[in-house]
>>> print(open('input-v3.cif').read())   # mmCIF, C-alpha atoms
data_model
#
loop_
_atom_site.label_atom_id
_atom_site.label_comp_id
_atom_site.auth_asym_id
_atom_site.auth_seq_id
_atom_site.Cartn_x
_atom_site.Cartn_y
_atom_site.Cartn_z
CA MET A 474 -5.70 3.70 -13.85
CA LYS A 475 -3.10 5.39 -11.65
CA PHE A 476 -3.52 9.05 -10.71
CA ARG A 477 -1.14 11.59 -9.22
CA TYR A 478 -2.75 13.36 -6.26
CA ALA A 479 -2.10 16.68 -4.52
CA MET A 480 -3.45 17.59 -1.09
CA VAL A 481 -3.68 21.36 -0.57
CA CYS A 482 -4.50 23.15 2.67
CA SER A 483 -3.91 26.61 4.14
CA SER A 484 -0.73 27.42 6.05
CA ASN A 485 -1.39 24.81 8.74
CA GLN A 486 -0.10 21.43 7.67
CA ASN A 487 -2.55 19.21 9.53
CA ARG A 488 -5.28 18.25 7.04
CA SER A 489 -3.15 17.96 3.92
CA MET A 490 -0.41 16.07 5.76
CA GLU A 491 -2.84 13.64 7.43
CA ALA A 492 -4.28 12.79 3.99
CA HIS A 493 -0.78 12.67 2.44
CA CYS A 494 0.39 10.26 5.16
CA LEU A 495 -2.60 7.94 4.80
CA LEU A 496 -2.55 7.85 1.00
CA LYS A 497 1.24 7.36 0.93
CA ARG A 498 0.90 4.35 3.27
CA GLN A 499 -1.68 2.92 0.87
CA GLY A 500 0.72 3.26 -2.09
CA PHE A 501 -0.75 6.32 -3.81
CA ASP A 502 1.39 8.83 -5.73
CA VAL A 503 0.69 11.88 -3.56
CA ALA A 504 2.13 15.27 -2.64
CA SER A 505 0.93 17.91 -0.18
CA TYR A 506 1.08 21.69 -0.05
CA GLY A 507 0.02 24.74 1.89
CA THR A 508 -1.18 28.03 0.38
CA GLY A 509 -0.46 30.63 3.06
CA ALA A 510 2.43 33.07 3.22
CA HIS A 511 3.97 31.09 6.09
CA VAL A 512 3.44 27.91 8.07
CA LYS A 513 1.58 28.91 11.23
CA LEU A 514 1.32 26.57 14.18
CA PRO A 515 -0.55 27.34 17.40
CA GLY A 516 1.50 29.07 20.06
CA PRO A 517 0.96 29.81 23.73
CA SER A 518 -1.95 32.13 22.76
CA LEU A 519 -3.92 33.10 19.65
CA ARG A 520 -1.82 36.25 19.38
CA GLU A 521 1.44 34.31 19.57
CA PRO A 522 1.49 31.68 16.80
CA ASN A 523 4.69 29.93 15.85
CA VAL A 524 5.51 31.09 12.33
CA TYR A 525 7.94 29.30 10.01
CA GLU A 526 8.94 29.78 6.40
CA PHE A 527 7.84 27.13 3.92
CA GLY A 528 10.82 24.85 3.41
CA THR A 529 11.73 24.81 7.12
CA PRO A 530 12.26 21.12 7.95
CA TYR A 531 9.62 19.58 10.18
CA LYS A 532 12.43 18.26 12.41
CA GLN A 533 13.62 21.84 12.99
CA MET A 534 10.08 22.93 13.94
CA PHE A 535 9.72 19.92 16.23
CA ASP A 536 13.02 20.66 18.00
CA ASP A 537 12.17 24.36 18.31
CA LEU A 538 8.78 23.74 19.94
CA ARG A 539 10.11 20.95 22.14
CA ARG A 540 12.73 23.41 23.39
CA LYS A 541 10.14 26.19 23.97
CA ASP A 542 7.47 24.28 25.91
CA PRO A 543 7.35 20.51 25.44
CA GLU A 544 4.32 19.97 27.68
CA LEU A 545 2.19 22.60 25.93
CA TYR A 546 2.99 21.37 22.43
CA LYS A 547 2.57 17.74 23.37
CA ARG A 548 -0.77 18.46 25.07
CA ASN A 549 -2.16 20.47 22.13
CA GLY A 550 -1.08 17.80 19.62
CA ILE A 551 1.48 19.86 17.72
CA LEU A 552 4.52 17.71 18.58
CA PRO A 553 2.77 14.45 17.57
CA MET A 554 1.58 16.13 14.35
CA LEU A 555 5.12 17.27 13.52
CA LYS A 556 6.48 13.81 14.33
CA ARG A 557 3.99 12.35 11.84
CA ASN A 558 5.01 14.95 9.26
CA ILE A 559 8.72 14.11 9.68
CA GLY A 560 7.89 10.58 8.55
CA VAL A 561 6.07 11.80 5.46
CA LYS A 562 8.42 14.39 3.95
CA LEU A 563 11.27 16.75 4.82
CA ALA A 564 9.48 20.11 4.96
CA PRO A 565 6.23 21.89 4.09
CA GLN A 566 5.91 23.13 0.54
CA ARG A 567 3.92 26.06 -0.78
CA TRP A 568 1.49 25.34 -3.63
CA GLN A 569 2.22 28.60 -5.42
CA GLU A 570 5.93 27.79 -5.54
CA ASN A 571 5.84 24.03 -6.07
CA SER A 572 2.74 23.11 -8.07
CA ALA A 573 4.92 23.08 -11.17
CA ASP A 574 6.70 20.01 -9.72
CA GLY A 575 4.45 18.01 -11.97
CA THR A 576 0.97 17.66 -13.27
CA PHE A 577 -1.61 16.35 -10.85
CA ASP A 578 -4.60 14.37 -11.99
CA VAL A 579 -6.60 15.07 -8.83
CA VAL A 580 -6.16 18.00 -6.43
CA PHE A 581 -7.94 17.88 -3.09
CA THR A 582 -8.44 21.08 -1.13
CA PHE A 583 -9.66 21.06 2.44
CA GLU A 584 -11.02 24.59 2.66
CA GLU A 585 -13.23 26.59 0.31
CA LYS A 586 -10.81 29.53 0.28
CA VAL A 587 -8.02 27.14 -0.73
CA PHE A 588 -10.22 25.70 -3.47
CA ASP A 589 -10.66 29.22 -4.84
CA MET A 590 -6.88 29.76 -4.74
CA VAL A 591 -6.18 26.53 -6.57
CA ILE A 592 -8.69 26.97 -9.65
CA GLU A 593 -12.97 28.59 6.89
CA VAL A 594 -12.94 25.32 7.97
CA LYS A 595 -11.82 24.84 11.57
CA ASP A 596 -8.80 22.55 11.61
CA ASN A 597 -8.35 20.02 14.37
CA HIS A 598 -6.84 16.57 14.74
CA GLU A 599 -10.15 14.69 14.70
CA GLU A 600 -11.40 16.39 11.52
CA ALA A 601 -8.01 15.85 9.89
CA ALA A 602 -8.23 12.10 10.54
CA VAL A 603 -11.83 11.95 9.25
CA GLY A 604 -10.94 14.01 6.17
CA ALA A 605 -7.92 11.84 5.42
CA ARG A 606 -10.00 8.66 5.63
CA LEU A 607 -12.70 10.11 3.37
CA THR A 608 -10.01 11.24 0.92
CA LEU A 609 -8.59 7.72 0.83
CA ASP A 610 -12.06 6.28 0.20
CA LEU A 611 -12.65 8.68 -2.68
CA CYS A 612 -9.20 8.00 -4.19
CA GLN A 613 -9.86 4.26 -4.04
CA GLU A 614 -13.19 4.75 -5.82
CA LEU A 615 -11.50 6.79 -8.57
CA GLU A 616 -8.71 4.25 -8.96
CA ALA A 617 -11.20 1.37 -9.25
CA THR A 618 -12.91 2.70 -12.36
CA ASP A 619 -11.77 2.08 -15.93
CA SER A 620 -13.43 5.23 -17.23
CA TRP A 621 -13.32 7.95 -14.59
CA GLU A 622 -14.40 10.64 -17.08
CA GLU A 623 -17.74 8.91 -17.55
CA LYS A 624 -18.24 7.91 -13.92
CA VAL A 625 -16.82 10.79 -11.86
CA ASP A 626 -20.22 12.46 -11.34
CA ASP A 627 -21.77 9.19 -10.13
CA ILE A 628 -18.77 8.48 -7.89
CA ILE A 629 -19.02 11.95 -6.32
CA SER A 630 -22.81 11.75 -5.89
CA THR A 631 -22.61 8.32 -4.26
CA PHE A 632 -19.74 9.47 -2.02
CA GLU A 633 -21.66 12.59 -0.90
CA ARG A 634 -24.79 10.59 -0.18
CA GLN A 635 -22.95 7.85 1.75
CA ASN A 636 -20.84 10.26 3.80
CA ARG A 637 -23.36 13.10 4.15
CA ARG A 638 -20.73 15.60 3.02
CA LYS A 639 -20.79 18.02 0.12
CA ILE A 640 -17.74 18.03 -2.12
CA VAL A 641 -16.76 21.14 -4.05
CA TYR A 642 -14.75 20.10 -7.09
CA ASN A 643 -13.71 21.16 -10.52
CA ILE A 644 -12.61 19.00 -13.45
CA SER A 645 -9.91 20.55 -15.63
CA ILE A 646 -8.93 18.97 -18.93
CA TYR A 647 -5.56 19.95 -20.39
#
>>> encode(input="input-v3.cif", output="structure tokens")
Amino acid sequence: MKFRYAMVCSSNQNRSMEAHCLLKRQGFDVASYGTGAHVKLPGPSLREPNVYEFGTPYKQMFDDLRRKDPELYKRNGILPMLKRNIGVKLAPQRWQENSADGTFDVVFTFEEKVFDMVIEVKDNHEEAAVGARLTLDLCQELEATDSWEEKVDDIISTFERQNRRKIVYNISIY
């Protein structure tokens, strides 16, 4: 069975894009979204984030930050993150404006507040990579079953036990 997946995160594009990138490389039909009002990337201080509109191309963000302070944004991982994102898709998309692009069979959210928006996890590069890998593992488990409706609870329980992580999920039948 082939599913269509959506990765949804807050306004920062790290977790959803890391998962999107990994699943795309593995041949999955996947899209990614943010839920905030804007895309916010760390700036020189907590009070000075870099704020972009959804739809701003990742290349434009990359060039802007490279022009502002290339050493800072390279050191804090933002330039490498944006470079990765450029290879995945043109620009960040907002869930509220783009979820009608199609029906998704499985929607992953990476924060409880995002889960609530779709039916405060600290974001960093290491957790994004771990979350993306776990997402891939779970997607592969779902794809491997002939009858996901009957086995989804067992798949989730086994996954939680093996990875020592609790998954918050909701099954919606249309």
>>> atom_distance(input="input-v3.cif", atom1="CA of Trp621 (chain A)", atom2="CA of Thr508 (chain A)")
27.8 Å
>>> closest_residue(input="input-v3.cif", among="A:Leu514, A:Val641, A:Leu615, A:Val587", to="Met554 (chain A)", atoms="only C-alpha atoms")
A:Leu514
>>> atom_distance(input="input-v3.cif", atom1="CA of His598 (chain A)", atom2="CA of Ile629 (chain A)")
24.8 Å
>>> closest_residue(input="input-v3.cif", among="A:Ile559, A:Met590, A:Ile646, A:Met474", to="Ala617 (chain A)", atoms="all atoms listed in the file")
A:Met474
>>> residues_around(input="input-v3.cif", residues="Asn571 (chain A)", least_positions_apart="2", cutoff="12 Å", atoms="only C-alpha atoms", output="VMD selection string")
chain A and resid 479 481 504 to 508 527 to 528 565 to 569 573 to 577
>>> closest_residue(input="input-v3.cif", among="A:Lys556, A:Lys624, A:Arg540, A:Arg634", to="Met490 (chain A)", atoms="all atoms listed in the file")
A:Lys556
>>> resolve_selection(input="input-v3.cif", expression="the PyMOL selection byres ((chain A and resi 494) around 10)", output="number ranges by chain")
A: 488-493, 495-499, 501, 503-505, 557-558, 560-562, 605
>>> closest_residue(input="input-v3.cif", among="A:Leu545, A:Ala564, A:Asp619, A:Asp502", to="Tyr525 (chain A)", atoms="only C-alpha atoms")
A:Ala564
>>> atom_distance(input="input-v3.cif", atom1="CA of His511 (chain A)", atom2="CA of Gly550 (chain A)")
19.6 Å
>>> closest_residue(input="input-v3.cif", among="A:Glu585, A:Val625, A:Leu563, A:Lys541", to="Cys612 (chain A)", atoms="only C-alpha atoms")
A:Val625
>>> closest_residue(input="input-v3.cif", among="A:Val579, A:Arg520, A:Glu622, A:Tyr546", to="Val591 (chain A)", atoms="all atoms listed in the file")
A:Val579
>>> axis_aligned_box(input="input-v3.cif", around="region 542-554 of chain A", padding_each_side="6 Å", output="AutoDock Vina command-line options")
--center_x 2.7 --center_y 19.4 --center_z 21.0 --size_x 21.6 --size_y 21.8 --size_z 25.3
>>> decode(input="input-v3.cif", residues="region 600-636 of chain A", atoms="N, CA, C and O atoms", output="mmCIF file, in the first residue's frame")
data_model
loop_
_atom_site.group_PDB
_atom_site.id
_atom_site.type_symbol
_atom_site.label_atom_id
_atom_site.label_comp_id
_atom_site.auth_asym_id
_atom_site.auth_seq_id
_atom_site.Cartn_x
_atom_site.Cartn_y
_atom_site.Cartn_z
ATOM 1 N N GLU A 600 17.961 16.587 17.278
ATOM 2 C CA GLU A 600 16.616 16.034 17.434
ATOM 3 C C GLU A 600 15.884 15.931 16.100
ATOM 4 O O GLU A 600 15.103 15.014 15.888
ATOM 5 N N ALA A 601 16.154 16.873 15.201
ATOM 6 C CA ALA A 601 15.541 16.809 13.872
ATOM 7 C C ALA A 601 15.997 15.557 13.132
ATOM 8 O O ALA A 601 15.195 14.860 12.506
ATOM 9 N N ALA A 602 17.280 15.244 13.211
ATOM 10 C CA ALA A 602 17.808 14.059 12.532
ATOM 11 C C ALA A 602 17.237 12.786 13.152
ATOM 12 O O ALA A 602 16.853 11.858 12.441
ATOM 13 N N VAL A 603 17.165 12.731 14.482
ATOM 14 C CA VAL A 603 16.592 11.569 15.167
ATOM 15 C C VAL A 603 15.111 11.425 14.796
ATOM 16 O O VAL A 603 14.641 10.341 14.446
ATOM 17 N N GLY A 604 14.375 12.523 14.860
ATOM 18 C CA GLY A 604 12.946 12.486 14.527
ATOM 19 C C GLY A 604 12.699 12.058 13.091
ATOM 20 O O GLY A 604 11.768 11.300 12.802
ATOM 21 N N ALA A 605 13.535 12.530 12.179
ATOM 22 C CA ALA A 605 13.381 12.150 10.771
ATOM 23 C C ALA A 605 13.605 10.656 10.595
ATOM 24 O O ALA A 605 12.854 9.980 9.887
ATOM 25 N N ARG A 606 14.629 10.124 11.256
ATOM 26 C CA ARG A 606 14.934 8.694 11.141
ATOM 27 C C ARG A 606 13.795 7.846 11.720
ATOM 28 O O ARG A 606 13.394 6.842 11.139
ATOM 29 N N LEU A 607 13.276 8.270 12.883
ATOM 30 C CA LEU A 607 12.157 7.541 13.483
ATOM 31 C C LEU A 607 10.920 7.629 12.603
ATOM 32 O O LEU A 607 10.161 6.657 12.478
ATOM 33 N N THR A 608 10.699 8.773 11.980
ATOM 34 C CA THR A 608 9.568 8.934 11.063
ATOM 35 C C THR A 608 9.699 7.977 9.886
ATOM 36 O O THR A 608 8.733 7.314 9.492
ATOM 37 N N LEU A 609 10.904 7.893 9.327
ATOM 38 C CA LEU A 609 11.140 6.955 8.229
ATOM 39 C C LEU A 609 10.850 5.531 8.672
ATOM 40 O O LEU A 609 10.170 4.778 7.964
ATOM 41 N N ASP A 610 11.345 5.145 9.841
ATOM 42 C CA ASP A 610 11.104 3.784 10.343
ATOM 43 C C ASP A 610 9.619 3.496 10.453
ATOM 44 O O ASP A 610 9.137 2.434 10.041
ATOM 45 N N LEU A 611 8.860 4.444 11.007
ATOM 46 C CA LEU A 611 7.420 4.245 11.169
ATOM 47 C C LEU A 611 6.718 4.174 9.813
ATOM 48 O O LEU A 611 5.846 3.327 9.595
ATOM 49 N N CYS A 612 7.105 5.028 8.876
ATOM 50 C CA CYS A 612 6.519 4.995 7.528
ATOM 51 C C CYS A 612 6.779 3.653 6.853
ATOM 52 O O CYS A 612 5.897 3.083 6.212
ATOM 53 N N GLN A 613 7.997 3.129 7.013
ATOM 54 C CA GLN A 613 8.325 1.835 6.419
ATOM 55 C C GLN A 613 7.488 0.720 7.030
ATOM 56 O O GLN A 613 7.050 -0.188 6.320
ATOM 57 N N GLU A 614 7.249 0.797 8.335
ATOM 58 C CA GLU A 614 6.384 -0.195 8.986
ATOM 59 C C GLU A 614 4.956 -0.128 8.438
ATOM 60 O O GLU A 614 4.336 -1.155 8.177
ATOM 61 N N LEU A 615 4.441 1.085 8.284
ATOM 62 C CA LEU A 615 3.082 1.243 7.747
ATOM 63 C C LEU A 615 2.987 0.741 6.310
ATOM 64 O O LEU A 615 2.021 0.087 5.931
ATOM 65 N N GLU A 616 3.998 1.047 5.514
ATOM 66 C CA GLU A 616 3.997 0.629 4.115
ATOM 67 C C GLU A 616 4.086 -0.891 3.972
ATOM 68 O O GLU A 616 3.599 -1.450 3.000
ATOM 69 N N ALA A 617 4.704 -1.550 4.937
ATOM 70 C CA ALA A 617 4.950 -2.992 4.839
ATOM 71 C C ALA A 617 3.726 -3.842 5.158
ATOM 72 O O ALA A 617 3.736 -5.043 4.905
ATOM 73 N N THR A 618 2.683 -3.238 5.675
ATOM 74 C CA THR A 618 1.511 -4.024 6.055
ATOM 75 C C THR A 618 0.452 -4.000 4.959
ATOM 76 O O THR A 618 0.285 -3.017 4.257
ATOM 77 N N ASP A 619 -0.256 -5.124 4.832
ATOM 78 C CA ASP A 619 -1.342 -5.208 3.854
ATOM 79 C C ASP A 619 -2.631 -4.624 4.403
ATOM 80 O O ASP A 619 -3.503 -4.217 3.651
ATOM 81 N N SER A 620 -2.753 -4.596 5.716
ATOM 82 C CA SER A 620 -3.995 -4.154 6.341
ATOM 83 C C SER A 620 -3.677 -3.214 7.489
ATOM 84 O O SER A 620 -3.770 -3.583 8.660
ATOM 85 N N TRP A 621 -3.305 -1.981 7.168
ATOM 86 C CA TRP A 621 -2.873 -1.036 8.200
ATOM 87 C C TRP A 621 -3.985 -0.751 9.202
ATOM 88 O O TRP A 621 -3.709 -0.542 10.371
ATOM 89 N N GLU A 622 -5.254 -0.765 8.755
ATOM 90 C CA GLU A 622 -6.354 -0.465 9.670
ATOM 91 C C GLU A 622 -6.402 -1.440 10.839
ATOM 92 O O GLU A 622 -6.700 -1.067 11.959
ATOM 93 N N GLU A 623 -6.090 -2.703 10.559
ATOM 94 C CA GLU A 623 -6.112 -3.728 11.595
ATOM 95 C C GLU A 623 -4.840 -3.739 12.441
ATOM 96 O O GLU A 623 -4.872 -4.161 13.591
ATOM 97 N N LYS A 624 -3.737 -3.269 11.874
ATOM 98 C CA LYS A 624 -2.446 -3.420 12.536
ATOM 99 C C LYS A 624 -1.849 -2.134 13.071
ATOM 100 O O LYS A 624 -0.806 -2.169 13.709
ATOM 101 N N VAL A 625 -2.483 -0.985 12.823
ATOM 102 C CA VAL A 625 -1.868 0.294 13.201
ATOM 103 C C VAL A 625 -1.593 0.378 14.706
ATOM 104 O O VAL A 625 -0.534 0.842 15.115
ATOM 105 N N ASP A 626 -2.504 -0.095 15.537
ATOM 106 C CA ASP A 626 -2.287 -0.039 16.987
ATOM 107 C C ASP A 626 -1.084 -0.874 17.413
ATOM 108 O O ASP A 626 -0.278 -0.440 18.245
ATOM 109 N N ASP A 627 -0.946 -2.067 16.828
ATOM 110 C CA ASP A 627 0.208 -2.914 17.133
ATOM 111 C C ASP A 627 1.502 -2.289 16.624
ATOM 112 O O ASP A 627 2.538 -2.344 17.307
ATOM 113 N N ILE A 628 1.454 -1.701 15.437
ATOM 114 C CA ILE A 628 2.640 -1.046 14.868
ATOM 115 C C ILE A 628 3.089 0.093 15.775
ATOM 116 O O ILE A 628 4.266 0.217 16.102
ATOM 117 N N ILE A 629 2.139 0.913 16.210
ATOM 118 C CA ILE A 629 2.455 2.056 17.083
ATOM 119 C C ILE A 629 2.994 1.562 18.429
ATOM 120 O O ILE A 629 4.005 2.069 18.926
ATOM 121 N N SER A 630 2.342 0.583 19.025
ATOM 122 C CA SER A 630 2.785 0.053 20.326
ATOM 123 C C SER A 630 4.201 -0.505 20.249
ATOM 124 O O SER A 630 5.046 -0.227 21.111
ATOM 125 N N THR A 631 4.465 -1.288 19.217
ATOM 126 C CA THR A 631 5.801 -1.859 19.034
ATOM 127 C C THR A 631 6.829 -0.756 18.826
ATOM 128 O O THR A 631 7.915 -0.766 19.420
ATOM 129 N N PHE A 632 6.486 0.232 17.991
ATOM 130 C CA PHE A 632 7.380 1.353 17.723
ATOM 131 C C PHE A 632 7.698 2.114 19.003
ATOM 132 O O PHE A 632 8.862 2.422 19.285
ATOM 133 N N GLU A 633 6.678 2.409 19.813
ATOM 134 C CA GLU A 633 6.889 3.142 21.067
ATOM 135 C C GLU A 633 7.785 2.358 22.023
ATOM 136 O O GLU A 633 8.680 2.920 22.655
ATOM 137 N N ARG A 634 7.538 1.066 22.118
ATOM 138 C CA ARG A 634 8.319 0.223 23.009
ATOM 139 C C ARG A 634 9.775 0.144 22.542
ATOM 140 O O ARG A 634 10.698 0.309 23.335
ATOM 141 N N GLN A 635 9.987 -0.058 21.248
ATOM 142 C CA GLN A 635 11.347 -0.193 20.717
ATOM 143 C C GLN A 635 12.141 1.113 20.801
ATOM 144 O O GLN A 635 13.345 1.088 21.012
ATOM 145 N N ASN A 636 11.465 2.232 20.630
ATOM 146 C CA ASN A 636 12.162 3.521 20.576
ATOM 147 C C ASN A 636 12.032 4.342 21.850
ATOM 148 O O ASN A 636 12.566 5.445 21.930
#
